[in-house]
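Here is the file query-v4.txt (compact mmCIF, C-alpha atoms and all ligand atoms).
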# COMPACT_ATOMS: atom_id res chain seq x y z
CA MET L 2 0.00 0.00 0.00
CA ALA L 3 1.28 3.43 -0.89
CA GLU L 4 1.96 5.71 2.07
CA LYS L 5 -0.11 8.59 0.77
CA ASN L 6 0.70 10.84 3.65
CA LEU L 7 1.19 14.52 3.11
CA GLU L 8 4.85 14.43 4.24
CA ASN L 9 5.76 11.98 1.44
CA ILE L 10 4.01 14.14 -1.11
CA ILE L 11 5.59 17.41 0.10
CA SER L 12 8.99 15.75 0.17
CA LEU L 13 8.64 14.40 -3.39
CA ALA L 14 7.31 17.77 -4.58
CA LYS L 15 10.33 19.59 -3.17
CA ARG L 16 12.99 17.02 -4.11
CA ARG L 17 11.86 16.72 -7.70
CA GLY L 18 11.10 20.37 -8.42
CA PHE L 19 7.31 20.54 -8.26
CA VAL L 20 6.76 22.90 -5.31
CA TYR L 21 9.12 24.74 -2.94
CA PRO L 22 8.29 26.70 0.24
CA GLY L 23 8.01 30.44 -0.59
CA SER L 24 11.02 32.70 0.28
CA GLU L 25 12.69 29.70 1.91
CA ILE L 26 16.26 31.06 2.05
CA TYR L 27 14.91 33.87 4.29
CA GLY L 28 13.08 31.50 6.60
CA GLY L 29 9.94 31.22 4.47
CA LEU L 30 6.63 33.04 4.45
CA ALA L 31 3.67 31.04 5.77
CA GLY L 32 0.94 30.42 3.23
CA THR L 33 3.16 30.87 0.18
CA TRP L 34 4.58 28.13 -2.04
CA ASP L 35 6.60 28.50 -5.24
CA TYR L 36 6.04 26.19 -8.18
CA GLY L 37 9.28 24.75 -9.58
CA PRO L 38 9.72 23.75 -13.23
CA LEU L 39 7.65 20.54 -12.97
CA GLY L 40 4.95 22.07 -10.79
CA ALA L 41 4.67 25.11 -13.05
CA GLU L 42 4.26 22.80 -16.04
CA MET L 43 1.62 20.76 -14.19
CA LEU L 44 -0.26 23.88 -13.06
CA HIS L 45 -0.15 25.14 -16.63
CA ASN L 46 -1.56 21.82 -17.89
CA VAL L 47 -4.41 22.02 -15.36
CA LYS L 48 -5.29 25.57 -16.41
CA ASP L 49 -4.95 24.74 -20.07
CA ALA L 50 -7.29 21.71 -19.80
CA TRP L 51 -9.80 23.82 -17.83
CA TRP L 52 -9.73 26.70 -20.33
CA LYS L 53 -10.21 24.27 -23.23
CA LYS L 54 -13.13 22.50 -21.58
CA PHE L 55 -14.99 25.44 -20.10
CA VAL L 56 -14.03 28.38 -22.31
CA SER L 57 -12.53 27.88 -25.77
CA SER L 58 -14.64 24.85 -26.71
CA ARG L 59 -17.90 26.60 -25.72
CA GLU L 60 -19.81 29.13 -27.81
CA ASP L 61 -21.56 30.62 -24.77
CA MET L 62 -18.46 31.41 -22.68
CA TYR L 63 -16.41 34.63 -22.76
CA GLY L 64 -12.92 34.41 -21.29
CA ILE L 65 -11.37 37.49 -19.69
CA ALA L 66 -8.32 38.43 -17.61
CA SER L 67 -9.22 41.25 -15.24
CA SER L 68 -7.17 43.28 -12.76
CA ILE L 69 -6.07 41.92 -9.42
CA MET L 70 -6.35 45.34 -7.73
CA MET L 71 -9.83 46.74 -7.36
CA PRO L 72 -10.99 49.87 -5.53
CA GLU L 73 -12.84 49.75 -2.23
CA THR L 74 -16.11 50.72 -3.95
CA VAL L 75 -16.21 47.32 -5.67
CA TRP L 76 -15.83 45.47 -2.38
CA THR L 77 -18.41 47.60 -0.63
CA ALA L 78 -20.95 46.81 -3.35
CA SER L 79 -20.06 43.09 -3.42
CA GLY L 80 -20.52 42.78 0.34
CA HIS L 81 -16.93 41.59 0.88
CA LEU L 82 -15.98 44.51 3.10
CA GLU L 83 -18.74 43.56 5.48
CA HIS L 84 -18.88 39.78 5.14
CA PHE L 85 -15.54 38.38 3.95
CA THR L 86 -14.41 37.68 7.48
CA ASP L 87 -13.20 34.86 9.67
CA PRO L 88 -13.74 34.78 13.43
CA LEU L 89 -10.66 35.78 15.43
CA GLY L 90 -11.13 35.70 19.22
CA SER L 91 -14.35 37.74 19.72
CA LYS L 92 -13.77 39.86 16.69
CA LYS L 93 -14.35 39.44 12.97
CA PHE L 94 -11.17 39.56 10.86
CA ASN L 95 -11.53 40.64 7.22
CA THR L 96 -9.26 38.37 5.17
CA MET L 97 -8.83 40.71 2.20
CA PHE L 98 -5.37 42.25 1.65
CA LYS L 99 -5.66 46.03 1.67
CA SER L 100 -3.21 48.43 0.06
CA LYS L 101 -3.01 51.92 -1.41
CA ALA L 102 -2.61 52.90 -5.06
CA GLY L 103 -0.77 56.13 -5.88
CA ALA L 104 2.24 57.87 -4.37
CA LEU L 105 1.27 61.35 -3.24
CA LYS L 106 -0.22 61.89 0.19
CA GLY L 107 -3.88 62.76 -0.12
CA GLU L 108 -4.06 61.39 -3.66
CA THR L 109 -3.89 57.70 -2.85
CA ILE L 110 -6.90 55.46 -2.95
CA ASP L 111 -7.65 52.35 -0.97
CA ILE L 112 -7.54 49.20 -3.00
CA TYR L 113 -7.85 45.48 -2.23
CA LEU L 114 -6.23 42.48 -3.87
CA ARG L 115 -9.13 40.37 -5.11
CA PRO L 116 -10.03 37.42 -2.87
CA GLU L 117 -12.13 35.87 -5.69
CA LEU L 118 -12.32 36.33 -9.47
CA ALA L 119 -16.07 36.82 -9.65
CA GLN L 120 -16.10 40.60 -9.18
CA GLY L 121 -13.84 40.94 -12.25
CA MET L 122 -16.58 39.21 -14.26
CA PHE L 123 -19.35 41.37 -12.79
CA VAL L 124 -17.60 44.70 -13.40
CA ASN L 125 -17.06 43.61 -17.03
CA PHE L 126 -20.62 42.33 -17.52
CA LYS L 127 -21.71 45.46 -19.44
CA ASN L 128 -18.50 45.53 -21.52
CA ILE L 129 -19.09 41.95 -22.68
CA ILE L 130 -22.70 42.72 -23.57
CA ASP L 131 -21.72 45.85 -25.51
CA SER L 132 -18.93 44.10 -27.42
CA PHE L 133 -20.51 40.70 -28.10
CA HIS L 134 -24.30 40.96 -27.57
CA PRO L 135 -24.56 37.51 -25.98
CA LYS L 136 -27.92 35.86 -25.42
CA VAL L 137 -28.78 34.65 -21.92
CA PRO L 138 -27.68 32.04 -20.89
CA PHE L 139 -24.00 32.85 -21.27
CA GLY L 140 -20.93 32.86 -19.05
CA ILE L 141 -17.87 34.99 -18.29
CA ALA L 142 -14.82 33.04 -17.19
CA GLN L 143 -11.30 33.65 -16.04
CA ILE L 144 -8.23 32.09 -14.49
CA GLY L 145 -6.16 34.23 -12.17
CA ARG L 146 -4.46 34.83 -8.89
CA CYS L 147 -6.43 35.58 -5.73
CA PHE L 148 -5.26 36.64 -2.28
CA ARG L 149 -6.64 35.87 1.16
CA ASN L 150 -5.01 36.73 4.43
CA GLU L 151 -5.84 33.31 5.88
CA ILE L 152 -5.52 33.30 9.67
CA SER L 153 -3.94 29.85 9.70
CA PRO L 154 -2.61 28.67 6.35
CA ARG L 155 -1.96 24.91 6.42
CA ASP L 156 -1.79 21.55 4.66
CA PHE L 157 0.68 22.44 1.90
CA LEU L 158 -1.16 23.87 -1.15
CA PHE L 159 -4.56 23.38 0.48
CA ARG L 160 -4.89 26.62 2.44
CA VAL L 161 -2.53 29.32 1.22
CA ARG L 162 -2.55 33.11 1.09
CA GLU L 163 -2.23 33.47 -2.67
CA PHE L 164 -3.55 30.98 -5.17
CA ASP L 165 -4.87 30.61 -8.71
CA LEU L 166 -8.59 30.24 -9.19
CA MET L 167 -10.45 29.04 -12.28
CA GLU L 168 -13.98 30.36 -12.14
CA PHE L 169 -16.98 31.41 -14.19
CA GLU L 170 -20.24 33.23 -13.68
CA TYR L 171 -23.04 31.73 -15.75
CA PHE L 172 -25.93 34.15 -16.32
CA VAL L 173 -29.39 32.61 -16.57
CA LYS L 174 -33.05 33.54 -16.26
CA GLU L 175 -34.24 33.15 -12.69
CA SER L 176 -36.72 30.42 -13.70
CA ASP L 177 -33.84 28.37 -15.17
CA TRP L 178 -31.44 28.41 -12.24
CA GLU L 179 -32.11 24.89 -10.97
CA LYS L 180 -31.73 23.32 -14.41
CA ASN L 181 -28.42 25.12 -14.91
CA PHE L 182 -27.23 24.28 -11.41
CA GLU L 183 -27.75 20.57 -12.18
CA PHE L 184 -26.05 20.92 -15.58
CA TRP L 185 -22.89 22.48 -14.11
CA LYS L 186 -22.85 19.96 -11.26
CA LYS L 187 -22.56 17.20 -13.87
CA GLU L 188 -19.91 19.12 -15.78
CA ILE L 189 -17.80 19.54 -12.63
CA ARG L 190 -18.05 15.76 -12.11
CA ASN L 191 -17.00 15.20 -15.72
CA TRP L 192 -14.01 17.52 -15.30
CA ILE L 193 -12.94 15.63 -12.18
CA LYS L 194 -12.98 12.35 -14.13
CA GLU L 195 -11.27 13.84 -17.18
CA ILE L 196 -8.22 15.04 -15.24
CA GLY L 197 -7.78 11.65 -13.61
CA ILE L 198 -9.35 11.89 -10.16
CA ASN L 199 -11.27 8.82 -9.09
CA GLU L 200 -14.91 9.79 -8.55
CA LYS L 201 -14.99 7.58 -5.47
CA ASN L 202 -12.69 10.05 -3.72
CA VAL L 203 -14.97 13.03 -4.36
CA HIS L 204 -18.14 13.71 -2.37
CA GLU L 205 -20.84 16.31 -2.82
CA LEU L 206 -21.82 18.26 0.27
CA GLU L 207 -24.97 20.36 0.43
CA VAL L 208 -23.73 23.40 2.37
CA SER L 209 -26.08 24.54 5.09
CA GLU L 210 -27.37 28.11 5.15
CA LYS L 211 -25.19 29.15 8.08
CA ASP L 212 -22.03 27.96 6.29
CA ARG L 213 -22.82 29.49 2.89
CA ALA L 214 -21.11 32.64 1.60
CA HIS L 215 -23.11 35.86 2.01
CA TYR L 216 -24.14 35.87 -1.68
CA SER L 217 -25.28 32.28 -1.99
CA LYS L 218 -28.74 30.75 -1.81
CA ARG L 219 -27.48 27.24 -2.53
CA THR L 220 -23.96 25.82 -2.49
CA VAL L 221 -22.68 22.34 -3.20
CA ASP L 222 -19.07 21.67 -2.24
CA PHE L 223 -17.10 18.97 -4.00
CA GLU L 224 -14.94 17.47 -1.29
CA TYR L 225 -11.87 15.34 -1.89
CA ASP L 226 -10.44 12.68 0.41
CA PHE L 227 -7.09 14.39 1.04
CA PRO L 228 -4.58 12.51 3.25
CA PHE L 229 -5.45 15.03 6.01
CA GLY L 230 -9.20 14.50 5.73
CA ARG L 231 -12.23 15.12 3.53
CA LYS L 232 -12.00 18.77 2.50
CA GLU L 233 -13.38 21.19 -0.09
CA LEU L 234 -11.85 20.90 -3.55
CA TYR L 235 -14.36 22.90 -5.61
CA GLY L 236 -17.63 24.76 -5.10
CA LEU L 237 -20.81 25.38 -7.02
CA ALA L 238 -22.94 28.32 -5.88
CA TYR L 239 -26.25 29.86 -6.86
CA ARG L 240 -25.40 33.56 -6.38
CA THR L 241 -28.93 34.67 -7.38
CA ASP L 242 -29.01 38.27 -8.74
CA TYR L 243 -27.15 39.46 -5.62
CA ASP L 244 -24.03 40.79 -7.36
CA LEU L 245 -25.54 42.29 -10.51
CA LYS L 246 -28.18 44.06 -8.42
CA ASN L 247 -25.58 45.48 -6.06
CA HIS L 248 -23.53 46.73 -9.02
CA LYS L 249 -26.76 48.15 -10.53
CA LEU L 250 -26.47 46.10 -13.71
CA ASP L 251 -29.13 44.46 -15.81
CA TYR L 252 -29.74 42.84 -19.19
CA TYR L 253 -31.94 43.84 -22.11
CA ASP L 254 -33.20 41.09 -24.39
CA GLU L 255 -33.45 42.69 -27.84
CA ASP L 256 -35.75 39.95 -29.16
CA THR L 257 -38.34 39.92 -26.40
CA LYS L 258 -37.82 43.60 -25.43
CA GLU L 259 -37.58 42.40 -21.86
CA ARG L 260 -35.25 44.00 -19.27
CA PHE L 261 -34.24 41.85 -16.31
CA VAL L 262 -31.45 41.05 -13.89
CA PRO L 263 -29.96 37.65 -14.73
CA HIS L 264 -29.29 35.14 -11.97
CA VAL L 265 -25.88 33.56 -11.57
CA ILE L 266 -24.59 30.01 -11.25
CA GLU L 267 -20.94 29.94 -10.27
CA PRO L 268 -18.67 26.91 -10.51
CA THR L 269 -15.29 27.63 -8.87
CA PHE L 270 -12.11 25.57 -9.00
CA GLY L 271 -8.93 26.16 -6.98
CA ALA L 272 -6.01 25.45 -9.32
CA GLY L 273 -3.55 24.77 -6.48
CA ARG L 274 -6.01 22.47 -4.74
CA THR L 275 -6.38 20.66 -8.08
CA VAL L 276 -2.60 20.15 -8.28
CA LEU L 277 -2.59 18.92 -4.68
CA ALA L 278 -5.49 16.51 -5.26
CA LEU L 279 -3.81 15.21 -8.42
CA LEU L 280 -0.51 14.63 -6.60
CA CYS L 281 -2.35 12.78 -3.80
CA GLU L 282 -4.38 10.79 -6.30
CA ALA L 283 -1.39 9.86 -8.48
CA TYR L 284 1.12 9.04 -5.73
CA ASP L 285 1.81 5.32 -5.55
CA GLU L 286 4.47 2.91 -4.43
CA ASP L 287 4.72 -0.52 -6.00
CA GLU L 288 7.14 -3.20 -7.14
CA LEU L 289 8.21 -3.45 -10.75
CA GLY L 290 10.70 -6.01 -12.03
CA GLY L 291 11.50 -6.97 -8.43
CA GLU L 292 12.32 -3.39 -7.40
CA ARG L 293 10.40 -0.98 -5.19
CA ARG L 294 9.53 2.29 -6.82
CA THR L 295 7.55 5.47 -6.24
CA VAL L 296 5.38 6.37 -9.18
CA LEU L 297 3.08 9.28 -9.96
CA ARG L 298 0.28 7.82 -12.04
CA LEU L 299 -0.66 11.17 -13.55
CA ASN L 300 -3.02 11.44 -16.45
CA THR L 301 -0.95 12.04 -19.63
CA LYS L 302 -2.73 15.37 -20.17
CA ILE L 303 -1.55 16.60 -16.76
CA ALA L 304 1.91 14.95 -16.51
CA PRO L 305 4.56 17.72 -16.61
CA ILE L 306 6.93 15.73 -18.82
CA LYS L 307 5.38 13.60 -21.55
CA VAL L 308 8.48 11.77 -22.71
CA ALA L 309 12.07 11.31 -21.53
CA VAL L 310 14.83 10.51 -24.02
CA PHE L 311 17.96 8.56 -23.06
CA PRO L 312 21.09 7.39 -24.85
CA LEU L 313 21.76 3.87 -23.54
CA LEU L 314 25.36 4.88 -22.68
CA LYS L 315 26.53 8.43 -22.30
CA ASN L 316 30.14 7.69 -23.18
CA LYS L 317 29.26 6.52 -26.72
CA PRO L 318 29.17 9.67 -28.88
CA GLU L 319 27.28 7.95 -31.70
CA LEU L 320 24.44 7.00 -29.26
CA VAL L 321 24.40 10.48 -27.72
CA LYS L 322 24.28 12.14 -31.15
CA LYS L 323 21.36 9.97 -32.29
CA ALA L 324 19.53 10.44 -28.98
CA ARG L 325 19.94 14.25 -29.22
CA GLU L 326 18.39 14.09 -32.71
CA VAL L 327 15.36 12.22 -31.32
CA TYR L 328 15.10 14.59 -28.34
CA GLU L 329 15.30 17.67 -30.56
CA MET L 330 12.66 16.22 -32.88
CA LEU L 331 10.23 15.68 -29.98
CA LYS L 332 10.94 18.79 -27.88
CA PRO L 333 9.00 21.31 -30.04
CA GLU L 334 6.00 18.95 -30.11
CA MET L 335 5.66 18.16 -26.40
CA SER L 336 7.34 18.62 -23.07
CA ALA L 337 10.34 16.26 -23.35
CA MET L 338 13.25 15.70 -20.94
CA TRP L 339 16.83 14.67 -21.69
CA ASP L 340 18.44 12.31 -19.19
CA ASP L 341 21.80 10.55 -19.45
CA ASN L 342 22.58 10.30 -15.77
CA GLY L 343 23.16 6.89 -14.12
CA ASN L 344 22.05 3.56 -15.51
CA ILE L 345 18.79 3.01 -17.40
CA GLY L 346 17.06 1.48 -14.36
CA LYS L 347 17.80 4.62 -12.31
CA ARG L 348 16.56 6.87 -15.10
CA TYR L 349 13.29 4.91 -15.27
CA ARG L 350 12.84 5.25 -11.49
CA ARG L 351 13.44 9.00 -11.71
CA GLN L 352 10.92 9.43 -14.51
CA ASP L 353 8.35 7.21 -12.74
CA GLU L 354 8.67 9.43 -9.69
CA ILE L 355 7.72 12.54 -11.68
CA GLY L 356 4.96 10.79 -13.61
CA THR L 357 6.52 10.72 -17.11
CA PRO L 358 4.28 8.38 -19.14
CA TRP L 359 6.95 7.30 -21.67
CA CYS L 360 10.70 6.80 -21.79
CA VAL L 361 12.53 6.37 -25.10
CA THR L 362 15.96 4.72 -25.21
CA ILE L 363 18.40 4.97 -28.08
CA ASP L 364 20.64 1.86 -28.20
CA PHE L 365 22.98 0.11 -30.61
CA ASP L 366 20.09 -1.34 -32.63
CA THR L 367 18.91 2.23 -33.25
CA LEU L 368 22.13 2.90 -35.14
CA GLU L 369 21.43 -0.15 -37.33
CA ASN L 370 17.72 0.17 -38.05
CA ASP L 371 16.41 3.54 -36.78
CA THR L 372 14.16 1.99 -34.13
CA VAL L 373 13.99 2.87 -30.42
CA THR L 374 12.54 1.23 -27.32
CA ILE L 375 9.59 2.97 -25.75
CA ARG L 376 8.69 2.07 -22.20
CA ASP L 377 5.34 2.58 -20.51
CA ARG L 378 5.34 4.08 -16.97
CA ASP L 379 2.45 2.08 -15.56
CA THR L 380 3.20 -1.40 -16.91
CA GLY L 381 6.96 -1.12 -17.38
CA LYS L 382 6.41 -2.86 -20.75
CA GLN L 383 8.71 -1.95 -23.61
CA LYS L 384 8.37 -2.16 -27.35
CA ARG L 385 10.33 -1.11 -30.39
CA LEU L 386 9.14 1.65 -32.63
CA ASP L 387 10.43 3.21 -35.79
CA ILE L 388 11.81 6.73 -35.12
CA LYS L 389 9.66 7.98 -38.00
CA GLU L 390 6.51 6.85 -36.14
CA LEU L 391 7.52 8.10 -32.71
CA ALA L 392 6.16 11.67 -32.72
CA CYS L 393 2.88 10.51 -34.24
CA TYR L 394 2.58 7.62 -31.75
CA LEU L 395 2.97 10.00 -28.81
CA THR L 396 0.79 12.87 -30.06
CA GLU L 397 -2.01 10.39 -30.83
CA ARG L 398 -1.89 9.16 -27.23
CA LEU L 399 -1.77 12.68 -25.82
CA LYS L 400 -4.98 13.71 -27.58
N1 LIG W 1 -16.05 33.02 -6.09
C1 LIG W 1 -16.37 31.98 -5.20
C2 LIG W 1 -15.29 31.68 -4.27
O1 LIG W 1 -14.28 32.33 -4.25
P1 LIG W 1 -14.61 30.00 -2.34
O2 LIG W 1 -15.23 28.72 -1.91
O3 LIG W 1 -14.34 31.03 -1.30
O4 LIG W 1 -15.55 30.59 -3.49
C3 LIG W 1 -13.24 29.03 -4.32
O5 LIG W 1 -13.25 29.69 -3.08
C4 LIG W 1 -12.22 27.92 -4.39
O6 LIG W 1 -10.93 28.47 -4.15
C5 LIG W 1 -12.36 26.82 -3.34
O7 LIG W 1 -13.28 25.84 -3.75
C6 LIG W 1 -10.94 26.28 -3.30
O8 LIG W 1 -10.72 25.39 -4.37
C7 LIG W 1 -10.09 27.52 -3.54
N2 LIG W 1 -9.58 28.15 -2.30
C8 LIG W 1 -10.26 28.92 -1.44
N3 LIG W 1 -9.47 29.35 -0.44
C9 LIG W 1 -8.25 28.84 -0.70
C10 LIG W 1 -6.97 28.93 -0.03
N4 LIG W 1 -6.80 29.66 1.07
N5 LIG W 1 -5.92 28.27 -0.55
C11 LIG W 1 -6.08 27.55 -1.68
N6 LIG W 1 -7.23 27.44 -2.36
C12 LIG W 1 -8.31 28.07 -1.88
Here is the file; what I need is its structure written in the form of structure tokens.
Ligand code: GAP
Amino acid sequence: MAEKNLENIISLAKRRGFVYPGSEIYGGLAGTWDYGPLGAEMLHNVKDAWWKKFVSSREDMYGIASSIMMPETVWTASGHLEHFTDPLGSKKFNTMFKSKAGALKGETIDIYLRPELAQGMFVNFKNIIDSFHPKVPFGIAQIGRCFRNEISPRDFLFRVREFDLMEFEYFVKESDWEKNFEFWKKEIRNWIKEIGINEKNVHELEVSEKDRAHYSKRTVDFEYDFPFGRKELYGLAYRTDYDLKNHKLDYYDEDTKERFVPHVIEPTFGAGRTVLALLCEAYDEDELGGERRTVLRLNTKIAPIKVAVFPLLKNKPELVKKAREVYEMLKPEMSAMWDDNGNIGKRYRRQDEIGTPWCVTIDFDTLENDTVTIRDRDTGKQKRLDIKELACYLTERLK
């Protein structure tokens, strides 16, 4: 049985360049983590898959990238100044980060770093309507960084003070909210499956009124069985017309000549929590060919490195030259890694540990007949392939 405890996962993440503690050489800053080359690639793959599924492949979704800093007026209207608080002793502590924009005394204005993306979508609601004339139902989506001054950040990437969110506001007629709520609930489930999380480890929780955010009339949390307990991974909220009304915005249907305030369904996905859930899900220890190994069974779409290329021996220039040719052929097509360190068994172990689905070895037969061995991460099985077919073979499997 794999020891899926958080310490093993944090240790692998640091050792292999997925995630490092923030500002570590100065003693660290609680609630901040830096993504290393493999983590950054993985985070990028998560965001890319999300954008493809929920934005670019949909006719009814408008993707934006709005500002992180927003003036106090936005947060007064959204209710965050009053309600975005956590209890601290007997007092309420507002978890938004406040700052000032401008340099001259008396000419500065109070701003806040956004704690959620949603307000960026609401303040651009009219812009999107004016530029694109969408018909209700439609959505506005974005991926971006959010900031919360969490009182006690903990559990690695789970509760941090700055994190990437992937979120959209879906605008519907009030009478259609339940239908749309159900639709997006299914789509969240589909997304979870598509990125390689076992559905059995995800549970829907109907959030009670007292635990719901100030804007929500119904919330379903998608909880994941993290090694430290069952905790929120994603959320789905019915925000009613709360935000648009507070921002004094509405919608005019040019066909029916009807003016109304759309209601909002909001699916929200923490990108860092997704990376954490995927690392927990993929982490495994098993025995292959009589040897113990640690393996990340990441979905090929999410794996940071798709293929590693090795010369069988690094002191044979003719093998190295041929292997470099193969590596340079693959590198522009997909994220490929060069490795000539240690024996082949060690290289396989290293790639298994970072979740690389395929390893390609260039050996003496390659010099004779232009074929290579390709080895599968999960089964350890190897087969020979013509170099000419290699790129095609891999891109087909990555689709
Ligand atoms: N706009 C709705 C909203 O922001 P939320 O439940 O407060 O809702 C959305 O946050 C998602 O952001 C959560 O489901 C979770 O994935 C992620 N998240 C929230 N706080 C976080 C934190 N401190 N660290 C990492 N991720 C967090």
Interface rows for chain L against ligand LIG 1 (chain W): nearest pair, Å to one decimal, 8 Å, only C-alpha atoms and all ligand atoms, as JSON lines:
{"residue": "L:Pro116", "atom": "CA", "partner": "W:LIG1", "partner_atom": "O1", "distance": 6.8}
{"residue": "L:Glu117", "atom": "CA", "partner": "W:LIG1", "partner_atom": "O1", "distance": 4.4}
{"residue": "L:Leu118", "atom": "CA", "partner": "W:LIG1", "partner_atom": "N1", "distance": 6.0}
{"residue": "L:Ala119", "atom": "CA", "partner": "W:LIG1", "partner_atom": "N1", "distance": 5.2}
{"residue": "L:Phe148", "atom": "CA", "partner": "W:LIG1", "partner_atom": "N4", "distance": 7.9}
{"residue": "L:Arg149", "atom": "CA", "partner": "W:LIG1", "partner_atom": "N4", "distance": 6.2}
{"residue": "L:Glu151", "atom": "CA", "partner": "W:LIG1", "partner_atom": "N4", "distance": 6.1}
{"residue": "L:Pro154", "atom": "CA", "partner": "W:LIG1", "partner_atom": "N4", "distance": 6.8}
{"residue": "L:Leu158", "atom": "CA", "partner": "W:LIG1", "partner_atom": "C11", "distance": 6.2}
{"residue": "L:Phe159", "atom": "CA", "partner": "W:LIG1", "partner_atom": "C11", "distance": 4.9}
{"residue": "L:Arg160", "atom": "CA", "partner": "W:LIG1", "partner_atom": "N5", "distance": 3.6}
{"residue": "L:Val161", "atom": "CA", "partner": "W:LIG1", "partner_atom": "N5", "distance": 4.0}
{"residue": "L:Arg162", "atom": "CA", "partner": "W:LIG1", "partner_atom": "N4", "distance": 5.5}
{"residue": "L:Glu163", "atom": "CA", "partner": "W:LIG1", "partner_atom": "N5", "distance": 6.7}
{"residue": "L:Phe164", "atom": "CA", "partner": "W:LIG1", "partner_atom": "C11", "distance": 5.5}
{"residue": "L:Asp165", "atom": "CA", "partner": "W:LIG1", "partner_atom": "N6", "distance": 7.5}
{"residue": "L:Leu166", "atom": "CA", "partner": "W:LIG1", "partner_atom": "O6", "distance": 5.8}
{"residue": "L:Glu168", "atom": "CA", "partner": "W:LIG1", "partner_atom": "N1", "distance": 6.9}
{"residue": "L:Ala214", "atom": "CA", "partner": "W:LIG1", "partner_atom": "O3", "distance": 7.5}
{"residue": "L:Asp222", "atom": "CA", "partner": "W:LIG1", "partner_atom": "O7", "distance": 7.3}
{"residue": "L:Phe223", "atom": "CA", "partner": "W:LIG1", "partner_atom": "O7", "distance": 7.9}
{"residue": "L:Glu233", "atom": "CA", "partner": "W:LIG1", "partner_atom": "O7", "distance": 5.9}
{"residue": "L:Leu234", "atom": "CA", "partner": "W:LIG1", "partner_atom": "O8", "distance": 4.7}
{"residue": "L:Tyr235", "atom": "CA", "partner": "W:LIG1", "partner_atom": "O7", "distance": 3.6}
{"residue": "L:Gly236", "atom": "CA", "partner": "W:LIG1", "partner_atom": "O7", "distance": 4.7}
{"residue": "L:Ala238", "atom": "CA", "partner": "W:LIG1", "partner_atom": "C1", "distance": 7.6}
{"residue": "L:Glu267", "atom": "CA", "partner": "W:LIG1", "partner_atom": "C1", "distance": 7.1}
{"residue": "L:Pro268", "atom": "CA", "partner": "W:LIG1", "partner_atom": "C1", "distance": 7.7}
{"residue": "L:Thr269", "atom": "CA", "partner": "W:LIG1", "partner_atom": "C3", "distance": 5.2}
{"residue": "L:Phe270", "atom": "CA", "partner": "W:LIG1", "partner_atom": "O8", "distance": 4.8}
{"residue": "L:Gly271", "atom": "CA", "partner": "W:LIG1", "partner_atom": "O8", "distance": 3.3}
{"residue": "L:Ala272", "atom": "CA", "partner": "W:LIG1", "partner_atom": "O8", "distance": 6.8}
{"residue": "L:Gly273", "atom": "CA", "partner": "W:LIG1", "partner_atom": "C11", "distance": 6.1}
{"residue": "L:Arg274", "atom": "CA", "partner": "W:LIG1", "partner_atom": "O8", "distance": 5.6}
{"residue": "L:Thr275", "atom": "CA", "partner": "W:LIG1", "partner_atom": "O8", "distance": 7.4}
Calculated over all atoms listed in the file, which of the candidates L:Thr301, L:Ser79, L:Thr374, L:Asn181 has the smallest distance to Lys246 of chain L?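 Looking at the shortest contact to Lys246 of chain L, the residue is L:Ser79.
Residues in contact with Ile196 of chain L at 10 Å, where all atoms listed in the file are counted and same-chain residues fewer than 3 positions away are skipped, are listed as Asn46, Val47, Ala50, Trp51, Asn191, Trp192, Ile193, Asn199, Thr275, Leu279, Leu299, Asn300, Thr301, Lys302 and Ile303 of chain L.
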I'd like to know which of L:Gly23, L:Gly140, L:Gly381, L:Pro38 is closest to Met62 of chain L, using all atoms listed in the file. L:Gly140
Go through L:Thr396, L:Thr357, L:Thr257, L:Ser176 and flag the residue nearest Pro305 of chain L, using all atoms listed in the file for the distances. L:Thr357
Have a look at atom CA of Lys99 of chain L and atom CA of Leu82 of chain L and let me know their distance in Å, one decimal. 10.5 Å
Measuring between all atoms listed in the file, which one of L:Phe184, L:Phe85, L:Phe229, L:Phe311 shows the shortest distance to His215 of chain L?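 The shortest atom-to-atom distance to His215 of chain L comes from L:Phe85.
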If we count only C-alpha atoms and set the cut-off at 6 Å, which residues sit around segment 314-328 of chain L, ignoring sequence neighbours fewer than 4 positions away in its own chain? Please answer as a ChimeraX atom specification. /L:310,332,341,363
Separation of atom CA of Asp111 of chain L from atom CA of Trp76 of chain L, in Å and rounded to one decimal: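 Distance between the two atoms: 10.8 Å.
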For a quick check of understanding, using all atoms listed in the file, which of L:Glu175, L:Lys400, L:Lys201, L:Gly103 has the smallest distance to Phe261 of chain L?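 Among the listed residues, L:Glu175 lies closest to Phe261 of chain L.
Distances here use all atoms listed in the file; by that measure, the residue among L:Pro333, L:Pro312, L:Gly80, L:Pro72 closest to Leu245 of chain L is L:Gly80.
Pairwise distance (atom CA of Gly32 of chain L, atom CA of Arg155 of chain L) equals 7.0 Å.
Taking all atoms listed in the file into account, those protein, DNA and RNA residues with any atom at most 7 Å away from (14.8, 4.7, -33.5) amount to Ile363, Thr367, Asp371, Thr372, Val373, Leu386, Asp387 and Ile388 of chain L.
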